[in-house]
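*Asks:* Contents of final.cif (mmCIF, C-alpha atoms) are given next:
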data_my_file
#
loop_
_atom_site.label_atom_id
_atom_site.label_comp_id
_atom_site.auth_asym_id
_atom_site.auth_seq_id
_atom_site.Cartn_x
_atom_site.Cartn_y
_atom_site.Cartn_z
CA MET A 427 92.52 82.65 147.05
CA ASN A 428 93.94 85.62 145.31
CA ASP A 429 97.51 85.63 144.14
CA ILE A 430 96.89 88.21 141.45
CA ASP A 431 96.88 91.44 143.42
CA PRO A 432 99.79 92.30 145.67
CA ARG A 433 99.02 92.19 149.38
CA ASP A 434 97.36 95.14 151.03
CA ASP A 435 100.28 96.24 153.17
CA ARG A 436 103.17 98.65 152.67
CA ARG A 437 105.24 96.18 150.67
CA GLY A 438 102.18 95.29 148.62
CA GLN A 439 101.50 98.93 147.84
CA GLU A 440 105.10 99.40 146.75
CA ASP A 441 104.75 96.37 144.47
CA THR A 442 101.60 97.80 142.93
CA ALA A 443 103.38 101.10 142.31
CA VAL A 444 106.38 99.39 140.70
CA LEU A 445 104.14 97.24 138.49
CA THR A 446 102.24 100.32 137.35
CA GLU A 447 105.49 102.07 136.44
CA LEU A 448 106.79 98.97 134.63
CA ASN A 449 103.59 98.75 132.64
CA ARG A 450 104.11 102.32 131.44
CA LEU A 451 107.82 101.81 130.68
CA VAL A 452 107.33 98.57 128.73
CA HIS A 453 104.73 100.28 126.54
CA GLU A 454 106.80 103.41 126.17
CA LEU A 455 110.19 101.84 125.48
CA ASP A 456 109.54 98.48 123.90
CA PRO A 457 106.34 98.60 121.86
CA PRO A 458 105.87 96.41 118.78
CA PRO A 459 106.98 98.12 115.55
CA ALA A 460 104.27 100.50 114.39
CA ASP A 461 103.53 98.63 111.15
CA LEU A 462 103.67 95.11 112.56
CA VAL A 463 99.90 94.65 112.95
CA GLU A 464 99.32 95.80 109.38
CA ARG A 465 102.02 93.47 108.03
CA ILE A 466 100.54 90.50 109.86
CA GLN A 467 97.05 91.35 108.65
CA PHE A 468 98.46 91.28 105.13
CA ALA A 469 100.29 88.00 105.78
CA VAL A 470 97.17 86.19 107.05
CA ALA A 471 94.87 87.47 104.29
CA LEU A 472 95.31 84.24 102.33
CA GLU A 473 92.89 82.37 100.09
CA SER A 474 93.14 79.23 102.18
CA LEU A 475 93.85 78.99 105.88
CA ASP A 476 95.21 75.48 105.50
CA VAL A 477 98.84 76.56 105.20
CA GLU A 478 102.15 75.55 106.71
CA VAL A 479 104.59 78.23 107.80
CA ALA A 480 108.15 78.18 106.56
CA ARG A 481 110.53 79.68 109.11
CA TRP A 482 113.19 82.18 108.29
CA GLU A 483 116.49 80.51 109.17
CA ARG A 484 118.67 83.26 110.51
CA ALA A 485 122.42 83.21 110.90
CA GLY A 486 123.44 81.75 114.23
CA SER A 487 120.21 79.98 115.06
CA PHE A 488 120.95 77.03 112.80
CA ALA A 489 124.64 77.07 112.01
CA GLY A 490 125.37 75.69 108.59
CA VAL A 491 121.91 76.23 107.16
CA ARG A 492 122.31 79.49 105.33
CA GLY A 493 122.14 80.83 101.84
CA GLY A 494 125.69 82.05 102.28
CA GLN A 495 125.52 85.09 100.07
CA PRO A 496 124.06 88.47 100.97
CA GLY A 497 120.54 88.99 99.71
CA THR A 498 119.72 85.31 100.09
CA ILE A 499 117.15 84.20 102.60
CA THR A 500 116.47 80.59 103.52
CA PHE A 501 113.09 79.40 104.75
CA THR A 502 112.41 75.88 105.92
CA VAL A 503 109.47 73.78 107.01
CA ASP A 504 109.69 70.05 107.66
CA ASN A 505 111.73 68.66 104.78
CA LEU A 506 111.17 71.61 102.45
CA THR A 507 113.78 74.31 101.92
CA LEU A 508 113.11 77.51 100.02
CA MET A 509 116.05 79.73 99.15
CA VAL A 510 115.39 83.12 97.64
CA ASN A 511 117.77 85.71 96.34
CA PHE A 512 116.63 89.28 95.81
CA THR A 513 118.33 91.63 93.37
CA SER A 514 117.19 95.22 93.41
CA THR A 515 116.47 96.85 90.08
CA GLY A 516 115.52 100.24 91.47
CA ALA A 517 111.95 100.32 92.77
CA ARG A 518 111.48 96.71 91.69
CA HIS A 519 113.18 93.36 92.30
CA ARG A 520 114.32 90.27 90.55
CA ILE A 521 113.69 87.13 92.58
CA ASP A 522 115.69 83.96 92.00
CA GLY A 523 114.48 81.01 94.01
CA TRP A 524 115.25 77.38 94.58
CA LEU A 525 113.03 74.76 96.14
CA VAL A 526 114.34 71.52 97.62
CA PRO A 527 113.06 68.86 97.07
CA ALA A 528 112.60 69.99 93.47
CA GLY A 529 109.31 69.86 91.66
CA GLU A 530 107.15 71.92 89.36
CA HIS A 531 105.62 73.78 92.28
CA THR A 532 103.59 76.94 91.80
CA VAL A 533 105.22 79.98 93.40
CA GLU A 534 103.21 83.08 94.18
CA VAL A 535 104.84 86.30 95.35
CA ARG A 536 102.41 88.59 97.17
CA VAL A 537 103.33 92.24 97.61
CA ALA A 538 101.13 94.49 99.74
CA GLU A 539 99.09 96.93 97.64
CA HIS A 540 100.17 95.27 94.39
CA GLU A 541 99.05 92.41 92.20
CA SER A 542 100.59 89.02 92.98
CA SER A 543 103.12 87.52 90.58
CA THR A 544 102.99 83.80 89.90
CA THR A 545 105.34 81.40 88.22
CA THR A 546 106.12 77.68 88.16
CA ALA A 547 109.42 76.17 89.28
CA ASP A 548 111.29 74.03 86.75
CA ASP A 549 112.00 70.35 87.34
CA GLY A 550 115.18 71.36 89.17
CA GLY A 551 113.12 73.42 91.62
CA ARG A 552 114.35 76.76 90.31
CA PHE A 553 112.19 79.76 89.55
CA VAL A 554 112.68 83.38 88.51
CA LEU A 555 110.41 86.38 88.77
CA SER A 556 112.25 89.17 87.06
CA ASP A 557 110.08 92.17 87.83
CA VAL A 558 108.44 92.26 91.25
CA PRO A 559 107.41 95.53 92.94
CA ALA A 560 109.13 96.44 96.20
CA GLY A 561 107.18 96.43 99.46
CA THR A 562 105.94 94.04 102.13
CA THR A 563 106.49 90.68 100.42
CA GLN A 564 105.32 87.15 101.14
CA ILE A 565 106.00 83.97 99.21
CA VAL A 566 103.34 81.29 98.86
CA VAL A 567 104.32 77.89 97.43
CA HIS A 568 101.68 75.46 96.24
CA LEU A 569 103.49 72.14 96.23
CA VAL A 570 102.84 69.36 93.76
CA ASP A 571 103.72 65.75 94.41
CA SER A 572 105.75 63.52 92.08
CA ARG A 573 102.63 62.79 89.99
CA GLY A 574 102.05 66.52 89.56
CA GLU A 575 99.05 66.57 91.88
CA ARG A 576 98.47 69.54 94.12
CA GLY A 577 99.48 69.04 97.74
CA ARG A 578 100.09 71.29 100.69
CA THR A 579 100.60 75.06 100.66
CA VAL A 580 103.58 76.68 102.35
CA VAL A 581 103.77 80.38 103.24
CA THR A 582 106.61 82.56 104.52
CA PRO A 583 106.40 85.45 106.96
CA THR A 584 106.50 88.81 105.19
CA ILE A 585 109.80 90.46 104.48
CA MET A 586 110.35 94.12 103.69
CA LEU A 587 111.89 94.72 100.29
CA MET B 278 81.85 88.71 97.74
CA GLY B 279 82.38 87.74 101.33
CA GLU B 280 83.10 91.35 102.15
CA LEU B 281 79.89 92.55 100.57
CA ARG B 282 77.92 90.07 102.56
CA THR B 283 79.43 91.01 105.88
CA THR B 284 79.69 94.77 105.52
CA GLY B 285 77.14 96.55 107.64
CA GLU B 286 76.33 93.54 109.76
CA ARG B 287 77.02 93.96 113.41
CA PRO B 288 80.10 91.83 114.15
CA PRO B 289 79.42 89.16 116.79
CA TRP B 290 82.41 90.29 118.88
CA GLU B 291 81.25 93.88 119.13
CA GLY B 292 80.88 95.03 122.70
CA LEU B 293 82.67 91.95 124.05
CA ALA B 294 86.01 91.98 125.86
CA GLY B 295 88.74 89.55 126.85
CA ALA B 296 88.23 85.82 126.33
CA ASP B 297 84.59 86.30 125.19
CA ARG B 298 85.74 88.63 122.44
CA HIS B 299 88.52 86.27 121.36
CA ALA B 300 86.16 83.30 121.30
CA ALA B 301 83.62 85.21 119.18
CA CYS B 302 86.40 86.15 116.75
CA VAL B 303 87.75 82.60 116.53
CA ILE B 304 84.27 81.25 115.76
CA ALA B 305 83.65 83.96 113.14
CA ALA B 306 87.09 83.41 111.58
CA ARG B 307 86.41 79.68 111.28
CA ALA B 308 83.24 80.55 109.40
CA GLY B 309 85.32 82.62 106.96
CA ASP B 310 84.92 86.14 108.34
CA ARG B 311 88.29 87.73 107.61
CA ARG B 312 87.55 90.81 109.69
CA ALA B 313 87.56 88.57 112.77
CA LEU B 314 91.13 87.55 112.09
CA ASP B 315 92.15 91.18 111.65
CA VAL B 316 90.56 92.04 114.99
CA LEU B 317 92.45 89.24 116.75
CA VAL B 318 95.72 90.31 115.15
CA ALA B 319 95.17 93.92 116.18
CA ASP B 320 94.08 93.05 119.74
CA LEU B 321 96.65 90.40 120.57
CA THR B 322 99.82 91.23 118.63
CA PRO B 323 101.16 93.37 121.51
CA LEU B 324 100.81 90.38 123.87
CA VAL B 325 102.55 88.02 121.42
CA TRP B 326 105.26 90.63 120.93
CA HIS B 327 105.96 90.92 124.64
CA VAL B 328 106.12 87.16 125.06
CA ALA B 329 108.72 87.05 122.28
CA ARG B 330 110.68 89.95 123.78
CA GLY B 331 110.34 88.48 127.26
CA ASN B 332 111.98 85.34 125.92
CA GLY B 333 115.10 87.25 125.00
CA LEU B 334 114.58 87.80 121.28
CA ASP B 335 116.01 90.93 119.71
CA ARG B 336 113.44 93.15 118.04
CA SER B 337 113.92 91.90 114.50
CA THR B 338 113.83 88.21 115.44
CA ALA B 339 110.79 88.96 117.59
CA GLU B 340 109.05 90.39 114.51
CA ASP B 341 109.59 87.15 112.58
CA VAL B 342 108.49 85.02 115.47
CA VAL B 343 105.31 87.04 116.00
CA GLN B 344 104.43 86.66 112.31
CA THR B 345 105.24 82.95 112.35
CA VAL B 346 102.95 82.39 115.33
CA TRP B 347 100.01 84.15 113.67
CA LEU B 348 100.52 82.21 110.43
CA ALA B 349 100.74 78.97 112.40
CA LEU B 350 97.42 79.81 114.06
CA LEU B 351 95.60 79.79 110.71
CA ARG B 352 95.49 76.05 110.23
CA HIS B 353 95.13 75.59 113.95
CA LEU B 354 91.95 77.68 114.18
CA ASP B 355 89.75 74.66 113.54
CA ARG B 356 91.64 72.57 116.06
CA LEU B 357 91.44 74.91 119.03
CA ASN B 358 89.33 72.89 121.43
CA GLU B 359 88.47 75.89 123.47
CA PRO B 360 88.20 79.18 121.53
CA ARG B 361 88.28 81.07 124.84
CA ALA B 362 91.78 79.73 125.44
CA LEU B 363 93.30 81.46 122.44
CA VAL B 364 95.60 83.62 124.56
CA GLY B 365 97.06 80.53 126.22
CA TRP B 366 97.67 78.93 122.83
CA LEU B 367 99.40 82.07 121.56
CA VAL B 368 101.64 82.33 124.63
CA VAL B 369 102.68 78.68 124.44
CA ALA B 370 103.27 78.81 120.68
CA THR B 371 105.32 82.01 120.96
CA ARG B 372 107.53 80.65 123.73
CA ARG B 373 108.15 77.45 121.80
CA GLU B 374 108.93 79.41 118.66
CA ALA B 375 111.24 81.78 120.57
CA GLN B 376 113.09 78.91 122.19
CA ARG B 377 113.76 77.35 118.78
CA THR B 378 115.98 80.34 118.05
CA TRP B 379 118.01 79.98 121.26
CA THR B 380 121.54 78.66 121.26
CA PRO B 381 122.02 75.20 122.83
CA ALA B 382 123.72 76.74 125.89
CA ARG B 383 120.75 78.95 126.69
CA ARG B 384 118.31 76.13 126.14
CA GLU B 385 120.15 74.04 128.68
CA ALA B 386 120.23 76.85 131.23
CA ALA B 387 116.51 77.34 130.89
CA LEU B 388 115.78 73.73 131.79
CA SER B 389 115.96 74.45 135.49
CA ASP B 390 113.35 76.88 136.74
CA GLU B 391 115.36 77.84 139.75
CA LEU B 392 118.41 78.60 137.65
CA ALA B 393 116.29 80.39 135.08
CA GLU B 394 115.00 82.70 137.78
CA GLN B 395 118.51 83.69 138.84
CA LEU B 396 120.26 83.82 135.51
CA GLU B 397 120.71 87.42 134.41
CA SER B 398 119.34 88.15 130.99
CA GLU B 399 122.10 88.44 128.41
CA TYR B 400 119.92 90.38 126.01
CA GLY B 401 119.76 94.14 126.26
CA LEU B 402 116.57 96.12 126.44
CA PRO B 403 116.08 99.12 124.16
CA GLU B 404 117.99 102.24 125.15
CA ASP B 405 116.33 104.37 127.73
CA ALA B 406 117.62 107.65 126.30
CA ALA B 407 114.06 108.79 125.73
CA LEU B 408 113.37 108.84 129.46
CA VAL B 409 113.51 112.18 131.17
CA ASP B 410 112.80 110.97 134.65
CA ASP B 411 115.74 109.63 136.64
CA ARG B 412 113.59 107.17 138.57
CA ASP B 413 112.36 105.73 135.23
CA HIS B 414 115.98 105.28 134.09
CA ARG B 415 116.88 103.37 137.21
CA LEU B 416 113.80 101.20 137.12
CA TRP B 417 114.33 100.30 133.46
CA ARG B 418 117.98 99.40 134.07
CA ALA B 419 117.03 97.34 137.11
CA PHE B 420 114.37 95.56 135.05
CA GLY B 421 116.97 94.80 132.36
CA LYS B 422 119.15 93.06 134.96
CA LEU B 423 116.42 90.63 135.93
CA SER B 424 116.45 87.04 134.73
CA GLN B 425 114.66 86.21 131.52
CA ARG B 426 112.01 84.39 133.46
CA CYS B 427 111.29 87.33 135.75
CA GLN B 428 111.24 89.77 132.86
CA GLU B 429 108.78 87.59 131.02
CA LEU B 430 106.55 87.07 134.02
CA LEU B 431 106.48 90.77 134.92
CA ARG B 432 105.87 91.84 131.33
CA LEU B 433 102.99 89.44 131.01
CA THR B 434 101.37 90.21 134.32
CA VAL B 435 101.40 93.95 133.76
CA LEU B 436 100.30 93.54 130.17
CA ALA B 437 97.67 90.85 130.26
CA GLY B 438 95.50 92.36 132.94
CA ARG B 439 93.37 90.45 135.41
CA ALA B 440 91.17 88.79 132.81
CA GLU B 441 94.02 86.94 131.12
CA TYR B 442 96.21 86.44 134.16
CA ARG B 443 95.24 82.84 134.80
CA ALA B 444 95.66 81.87 131.15
CA VAL B 445 99.10 83.43 131.11
CA ALA B 446 100.18 81.69 134.29
CA GLU B 447 99.01 78.36 132.94
CA ALA B 448 100.80 78.95 129.67
CA LEU B 449 104.00 79.71 131.61
CA SER B 450 103.54 76.41 133.49
CA ILE B 451 103.49 78.19 136.81
CA PRO B 452 101.46 76.06 139.21
CA ARG B 453 98.26 77.48 140.58
CA GLY B 454 98.97 79.40 143.77
CA SER B 455 102.62 80.08 143.14
CA ILE B 456 102.30 82.91 140.64
CA GLY B 457 102.11 85.44 143.46
CA PRO B 458 105.19 84.10 145.29
CA THR B 459 107.17 83.80 142.06
CA ARG B 460 106.31 87.33 141.08
CA GLY B 461 107.07 88.43 144.65
CA ARG B 462 110.60 87.02 144.34
CA CYS B 463 111.05 88.78 141.02
CA LEU B 464 109.90 92.06 142.55
CA ASN B 465 112.28 91.60 145.50
CA THR B 466 115.19 91.11 143.12
CA LEU B 467 114.04 94.12 141.15
CA ARG B 468 114.00 96.14 144.37
CA THR B 469 117.56 95.03 145.17
CA HIS B 470 118.75 96.07 141.72
CA LEU B 471 116.89 99.34 142.06
CA GLU B 472 118.61 100.09 145.36
CA ALA B 473 121.97 99.31 143.76
CA GLU B 474 121.07 101.82 141.05
CA GLY B 475 120.87 104.50 143.70
CA GLY B 476 117.85 104.25 145.95
CA SER B 477 114.31 103.07 145.45
CA ARG B 478 112.71 106.49 145.58
#
Represent the structure contained in this file as structure tokens.
*Replies:*
Amino acid sequence: MNDIDPRDDRRGQEDTAVLTELNRLVHELDPPPADLVERIQFAVALESLDVEVARWERAGSFAGVRGGQPGTITFTVDNLTLMVNFTSTGARHRIDGWLVPAGEHTVEVRVAEHESSTTTADDGGRFVLSDVPAGTTQIVVHLVDSRGERGRTVVTPTIML
Amino acid sequence: MGELRTTGERPPWEGLAGADRHAACVIAARAGDRRALDVLVADLTPLVWHVARGNGLDRSTAEDVVQTVWLALLRHLDRLNEPRALVGWLVVATRREAQRTWTPARREAALSDELAEQLESEYGLPEDAALVDDRDHRLWRAFGKLSQRCQELLRLTVLAGRAEYRAVAEALSIPRGSIGPTRGRCLNTLRTHLEAEGGSR
């Protein structure tokens, strides 16, 4: 049985021709962004592969779950919410973040082609990194439990700053 | 250190193609070879991208979804029962991730396959201004009028090639034997749209 190739008649040959054209058009008109592969290769180059992904909650997809102000991005995974606000200071950024549920979690900001910056959230879940270089940025949160012991690691997709 | 150790060695996926290549990369990545992961990302990101786009995501949401899927794969690498089936896993994960971003109305509409096949896509394709050829313009517009399901199926079947075709069909939950007929119906509708655009030649 072969239902992969179109039949070998006139209609089948037309189908083959149309599929060939479509193949060309899809590649020509709707290719992935040129830097996407590179950004993903950066995003997956992590110390540990045992990570959970926090999703970027965009306006519209989950009504009501938003940072509310411009420059604020909300990421969520399971019961964890990470809100980050970026303030540009020229070529660099100030990052204000808030983790819910709160805890003295370790927050690492990775920027492609730069050193990572690391800080620890306060007991209210807030953290600040005042001088982060601009570029392809990913946030990695090493969570601690209520006894201060290290638990799971959460990562975000990269964002362009 | 890991890099020093692996540089110069012949990678186990070299010279392999399709599912064999993916399986070799998955096994190497499990063992800690980071180059293997980079190879998979480079080889299969276009496929993941087209699944996301074929599920009606705009380009910027598609970018997030593609990244999310690759990151989700990391901890799943060890749990893939069949490393050769990586493409199927990626297609299923991408569709699920894309559908999370849908509005409730669209989710409901997609529940029925028959309806899904007829429902015109409400999401625009990129502008075709770059096309010089009139036939290309008409074909692209006709393609844009197809249902989400048809657009996805056609994208995947032209993109994946023969080697991955079966994996793709399984991931799309199209029963064995009805991929051809389903695609045939999509192509018939495409032909109708094309004629409405001013002739099929």
*Asks:* Could you please determine the separation between CA of Arg373 (chain B) and CA of Val342 (chain B) in Å, to one decimal place?
*Replies:*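 These atoms are spaced 9.9 Å apart.
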*Asks:* Taking only C-alpha atoms into account, produce a table as CSV in which each residue of chain B with an atom at most 6 Å from an atom of chain A appears once, together with its shortest atom pair and the distance in Å to one decimal, ordered by chain and rising number.
*Replies:*
residue,atom,partner,partner_atom,distance
B:Asp315,CA,A:Gln467,CA,5.7
B:Ala319,CA,A:Val463,CA,5.8
B:Gln344,CA,A:Pro583,CA,5.8
B:Leu351,CA,A:Leu475,CA,5.2
B:Arg352,CA,A:Asp476,CA,4.8
B:Thr378,CA,A:Ser487,CA,5.2
B:Val435,CA,A:Asn449,CA,5.4
B:Gly457,CA,A:Asp429,CA,4.7
*Asks:* Tell me which residues the PyMOL selection byres ((chain A and resi 564-571) around 6) grabs here, as a PyMOL selection string.
*Replies:* chain A and resi 531-536+563+572-582+584
*Asks:* Show me, as an NGL selection string, the residues that have an atom within 9 Å of Ala362 (chain B) when counting all atoms listed in the file, minus same-chain residues fewer than 2 positions from it.
*Replies:* :B and (296 or 299-300 or 357-360 or 364-367 or 444)
*Asks:* Give me, please, the distance in Å between CA of Ala301 (chain B) and CA of Trp326 (chain B), quoted to one decimal.
*Replies:* 22.4 Å
*Asks:* Write out N, CA and C atoms for region 449-474 of chain A, as a JSON list (two decimals), in the coordinates of the input.
*Replies:*
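Written file, result.json:
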[["chain", "number", "residue", "atom", "x", "y", "z"],
["A", 449, "ASN", "N", 104.58, 98.82, 133.71],
["A", 449, "ASN", "CA", 103.59, 98.75, 132.64],
["A", 449, "ASN", "C", 103.78, 99.93, 131.68],
["A", 450, "ARG", "N", 103.93, 101.12, 132.25],
["A", 450, "ARG", "CA", 104.11, 102.32, 131.44],
["A", 450, "ARG", "C", 105.42, 102.24, 130.66],
["A", 451, "LEU", "N", 106.50, 101.83, 131.32],
["A", 451, "LEU", "CA", 107.82, 101.81, 130.68],
["A", 451, "LEU", "C", 107.87, 100.80, 129.54],
["A", 452, "VAL", "N", 107.30, 99.61, 129.77],
["A", 452, "VAL", "CA", 107.33, 98.57, 128.73],
["A", 452, "VAL", "C", 106.60, 99.07, 127.48],
["A", 453, "HIS", "N", 105.48, 99.74, 127.69],
["A", 453, "HIS", "CA", 104.73, 100.28, 126.54],
["A", 453, "HIS", "C", 105.47, 101.41, 125.87],
["A", 454, "GLU", "N", 106.13, 102.23, 126.69],
["A", 454, "GLU", "CA", 106.80, 103.41, 126.17],
["A", 454, "GLU", "C", 108.08, 103.04, 125.43],
["A", 455, "LEU", "N", 108.84, 102.09, 125.99],
["A", 455, "LEU", "CA", 110.19, 101.84, 125.48],
["A", 455, "LEU", "C", 110.31, 100.62, 124.58],
["A", 456, "ASP", "N", 109.37, 99.70, 124.67],
["A", 456, "ASP", "CA", 109.54, 98.48, 123.90],
["A", 456, "ASP", "C", 108.25, 98.04, 123.20],
["A", 457, "PRO", "N", 107.60, 98.98, 122.52],
["A", 457, "PRO", "CA", 106.34, 98.60, 121.86],
["A", 457, "PRO", "C", 106.64, 97.81, 120.59],
["A", 458, "PRO", "N", 105.66, 97.04, 120.07],
["A", 458, "PRO", "CA", 105.87, 96.41, 118.78],
["A", 458, "PRO", "C", 106.08, 97.48, 117.70],
["A", 459, "PRO", "N", 106.81, 97.16, 116.64],
["A", 459, "PRO", "CA", 106.98, 98.12, 115.55],
["A", 459, "PRO", "C", 105.61, 98.60, 115.06],
["A", 460, "ALA", "N", 105.56, 99.88, 114.69],
["A", 460, "ALA", "CA", 104.27, 100.50, 114.39],
["A", 460, "ALA", "C", 103.51, 99.79, 113.27],
["A", 461, "ASP", "N", 104.24, 99.22, 112.30],
["A", 461, "ASP", "CA", 103.53, 98.63, 111.15],
["A", 461, "ASP", "C", 103.34, 97.12, 111.28],
["A", 462, "LEU", "N", 103.68, 96.57, 112.44],
["A", 462, "LEU", "CA", 103.67, 95.11, 112.56],
["A", 462, "LEU", "C", 102.26, 94.52, 112.39],
["A", 463, "VAL", "N", 101.27, 95.15, 113.04],
["A", 463, "VAL", "CA", 99.90, 94.65, 112.95],
["A", 463, "VAL", "C", 99.45, 94.62, 111.49],
["A", 464, "GLU", "N", 99.73, 95.71, 110.78],
["A", 464, "GLU", "CA", 99.32, 95.80, 109.38],
["A", 464, "GLU", "C", 100.01, 94.72, 108.53],
["A", 465, "ARG", "N", 101.28, 94.49, 108.80],
["A", 465, "ARG", "CA", 102.02, 93.47, 108.03],
["A", 465, "ARG", "C", 101.45, 92.08, 108.30],
["A", 466, "ILE", "N", 101.10, 91.81, 109.54],
["A", 466, "ILE", "CA", 100.54, 90.50, 109.86],
["A", 466, "ILE", "C", 99.15, 90.35, 109.24],
["A", 467, "GLN", "N", 98.38, 91.43, 109.27],
["A", 467, "GLN", "CA", 97.05, 91.35, 108.65],
["A", 467, "GLN", "C", 97.18, 91.06, 107.16],
["A", 468, "PHE", "N", 98.20, 91.61, 106.53],
["A", 468, "PHE", "CA", 98.46, 91.28, 105.13],
["A", 468, "PHE", "C", 98.86, 89.80, 104.99],
["A", 469, "ALA", "N", 99.76, 89.36, 105.87],
["A", 469, "ALA", "CA", 100.29, 88.00, 105.78],
["A", 469, "ALA", "C", 99.19, 86.94, 105.96],
["A", 470, "VAL", "N", 98.20, 87.22, 106.79],
["A", 470, "VAL", "CA", 97.17, 86.19, 107.05],
["A", 470, "VAL", "C", 95.99, 86.30, 106.09],
["A", 471, "ALA", "N", 95.98, 87.32, 105.24],
["A", 471, "ALA", "CA", 94.87, 87.47, 104.29],
["A", 471, "ALA", "C", 95.10, 86.55, 103.09],
["A", 472, "LEU", "N", 95.01, 85.25, 103.35],
["A", 472, "LEU", "CA", 95.31, 84.24, 102.33],
["A", 472, "LEU", "C", 94.02, 83.59, 101.85],
["A", 473, "GLU", "N", 94.07, 83.03, 100.64],
["A", 473, "GLU", "CA", 92.89, 82.37, 100.09],
["A", 473, "GLU", "C", 92.45, 81.20, 100.96],
["A", 474, "SER", "N", 93.44, 80.39, 101.35],
["A", 474, "SER", "CA", 93.14, 79.23, 102.18],
["A", 474, "SER", "C", 93.86, 79.37, 103.51]]
